[in-house]
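J.: Sharing a structure here in structure tokens format.
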Amino acid sequence: GTSSLYNNTTGNTNTATGYQSLYSNTTASNNTAVGYQAAYSNTTGAVQAFGYQASYSNTTGTNNTAVGSKALYTNTIGRYNVGVGAYALRSNTTGNSNTAIGRSALYSNTTGSFNTSLGRDALISNTEGIANTGLGGNVLFLNTTGSANCALGIGALSDNGFPPTTYSSVSNAWSNYSYAIHHFSNFARHYQNKTLNESLPHPPRGRRHDRNHHL
């Protein structure tokens with residue numbers, strides 16, 4: 001494409017397809033950029049960028065993979081990140097070893113590391129949280145700096161960071177058992193300082209707590 005690899009000096013085995021893709025590359029090798037201004041700012045980093053302005057700001061970050069419009073757009077020196085989907089990991093700057101799959105997954109992440117998100121808007125508000133796992137659309141939606149949370153299912157722990165203040169408001173989610181466990185354990189850990197086993201409510205004796213419980 002026009003002006004692709006425009007500033008390359010000694011870099012080898014690079015592939016650039018699209019207007020100004022790998023435009024700033026100088027000495028970096030083994031990069032692939034496909035799309036308008038993909039990996040535009042890369043100088044000495046190692047990236048695989050596919051899509052409109054994917055990995056646009058990367059300079060020296062290595063072993064990053066961005067697939068989708070503006071995926072990993074702001075990443076500069078972060079390493080070992082994977083963003084698949086439009087705007088996945090868009091705001092990441094120095095965070096490392098994050099995996100985001102889905103539109104806007106981990107969109108706001110800046111310095112958080114070791115997060116895994118799968119689903120549209122999964123962990124979208126996370127900025128500095130570490131080692132969170134979210135599987136499903138909108139999971140951990142409001143989580144910003146919370147760490148080591150695990151959410152499975154659409155909307156699970158979506159209001160993490162703004163926990164309820166009464167036990168009754170927690171038990172409202174009892175019909176969705178996974179959500180209730182994750183949500184309540186987080187509430188107990190931060191507000192009651194109890195262990196997981198102490199804080200979790202138990203099903204009534206003699207009645208199975210499963211999907212057929214209400215039948």
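Just so we're on the same page: first chain in the structure tokens is A, next is B, and so on; residues restart at 1 for each chain, and ligands are numbered from 1 in the order they show up.
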Need the shell around Thr74 in chain A: protein/DNA/RNA residues with any atom at most 8 Å away, counting only C-alpha atoms. Skip same-chain ones fewer than 3 positions apart. Format as an NGL selection string?
T.: :A and (55-58 or 90-93)
J.: Mind checking which residues fall within 8 Å of Thr133 in chain A, counting only C-alpha atoms, ignoring those fewer than 5 positions away in the same chain, and posting them as a ChimeraX atom specification?
T.: /A:115-117,148-151
J.: Generate the output file for the selected residues, C-alpha atoms, as a short mmCIF file (atom, residue, chain, number, x, y, z; two decimals), in the first residue's frame.
T.:
data_model
loop_
_atom_site.label_atom_id
_atom_site.label_comp_id
_atom_site.auth_asym_id
_atom_site.auth_seq_id
_atom_site.Cartn_x
_atom_site.Cartn_y
_atom_site.Cartn_z
CA ASN A 115 -6.67 -10.52 32.27
CA THR A 116 -8.76 -12.78 30.08
CA SER A 117 -12.06 -11.65 28.57
CA ALA A 148 -8.60 -11.96 40.69
CA ASN A 149 -12.32 -12.08 39.89
CA CYS A 150 -13.91 -14.84 37.86
CA ALA A 151 -17.24 -14.34 36.09
#
J.: Considering only C-alpha atoms, return as a ChimeraX atom specification whatever protein or nucleic-acid residues lie within 6 Å of range 98-110 of chain A, sequence-local ones (same chain, fewer than 6 positions apart) excluded.
T.: /A:81-92,116-127
J.: Which one of A:Gly11, A:Gly146, A:Gly68, A:Gly129 sits closest to Thr44 in chain A if you count only C-alpha atoms?
T.: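 Counting only C-alpha atoms, the residue closest to Thr44 in chain A is A:Gly11.
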J.: Which one is closest to Thr65 in chain A: A:Gly155, A:Gly51, A:Gly134, A:Gly112? Count only C-alpha atoms.
T.: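 Checking each candidate against Thr65 in chain A, we get A:Gly51 as the closest.
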J.: Taking 4 positions as the minimum chain separation for residues in the same chain, which residues sit within 7 Å of Ser3 in chain A when counting only C-alpha atoms? Answer as number ranges by chain.
T.: A: 19-20, 23
J.: Could you write out the selected residues, including N, CA and C atoms, as a PDB file, in the first residue's frame?
T.:
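File written: again18.pdb
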ATOM      1  N   TYR A  19      -2.594   1.415   3.303  1.00  0.00           N
ATOM      2  CA  TYR A  19      -2.039   2.766   3.355  1.00  0.00           C
ATOM      3  C   TYR A  19      -1.350   3.040   4.680  1.00  0.00           C
ATOM      4  N   GLN A  20      -0.059   3.393   4.645  1.00  0.00           N
ATOM      5  CA  GLN A  20       0.772   3.759   5.787  1.00  0.00           C
ATOM      6  C   GLN A  20       0.845   2.659   6.851  1.00  0.00           C
ATOM      7  N   TYR A  23       4.197   2.279   8.982  1.00  0.00           N
ATOM      8  CA  TYR A  23       4.780   3.510   8.446  1.00  0.00           C
ATOM      9  C   TYR A  23       6.073   3.908   9.156  1.00  0.00           C
TER      10      TYR A  23
END
J.: In Å, rounded to a single decimal, give me how far CA of Gly35 in chain A is from CA of Asn75 in chain A.
T.: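 Rounded to one decimal, the two atoms are 17.0 Å apart.
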J.: Quick one: of A:Asn63, A:Gln53, A:Tyr6, A:Ser113, who's nearest to Asn30 in chain A, counting only C-alpha atoms?
T.: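 That would be A:Asn63, the residue with the smallest distance to Asn30 in chain A.
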J.: Neighbours of Phe114 in chain A within 8 Å (only C-alpha atoms; same-chain residues fewer than 6 positions away dropped), as a PyMOL selection string?
T.: chain A and resi 96-99+130-132
J.: Please write the residues from the selection above to a file, keeping N, CA, C and O atoms, as an mmCIF file, in the first residue's frame.
T.:
data_model
loop_
_atom_site.group_PDB
_atom_site.id
_atom_site.type_symbol
_atom_site.label_atom_id
_atom_site.label_comp_id
_atom_site.auth_asym_id
_atom_site.auth_seq_id
_atom_site.Cartn_x
_atom_site.Cartn_y
_atom_site.Cartn_z
ATOM 1 N N ASN A 96 0.394 -6.049 30.197
ATOM 2 C CA ASN A 96 1.017 -7.209 29.571
ATOM 3 C C ASN A 96 0.162 -8.464 29.723
ATOM 4 O O ASN A 96 -0.608 -8.598 30.671
ATOM 5 N N SER A 97 0.313 -9.359 28.780
ATOM 6 C CA SER A 97 -0.271 -10.704 28.853
ATOM 7 C C SER A 97 -1.781 -10.685 29.047
ATOM 8 O O SER A 97 -2.330 -11.459 29.841
ATOM 9 N N ASN A 98 -2.471 -9.806 28.343
ATOM 10 C CA ASN A 98 -3.931 -9.772 28.359
ATOM 11 C C ASN A 98 -4.480 -10.440 27.100
ATOM 12 O O ASN A 98 -3.881 -10.336 26.031
ATOM 13 N N THR A 99 -5.638 -11.069 27.259
ATOM 14 C CA THR A 99 -6.320 -11.662 26.114
ATOM 15 C C THR A 99 -7.748 -11.150 26.079
ATOM 16 O O THR A 99 -8.499 -11.310 27.047
ATOM 17 N N ILE A 130 -6.044 -6.795 37.792
ATOM 18 C CA ILE A 130 -5.093 -7.829 37.397
ATOM 19 C C ILE A 130 -5.710 -9.211 37.575
ATOM 20 O O ILE A 130 -6.445 -9.466 38.536
ATOM 21 N N ALA A 131 -5.409 -10.098 36.660
ATOM 22 C CA ALA A 131 -5.763 -11.515 36.758
ATOM 23 C C ALA A 131 -7.263 -11.740 36.889
ATOM 24 O O ALA A 131 -7.712 -12.569 37.678
ATOM 25 N N ASN A 132 -8.058 -11.013 36.126
ATOM 26 C CA ASN A 132 -9.496 -11.244 36.069
ATOM 27 C C ASN A 132 -9.838 -12.142 34.890
ATOM 28 O O ASN A 132 -9.195 -12.070 33.839
#
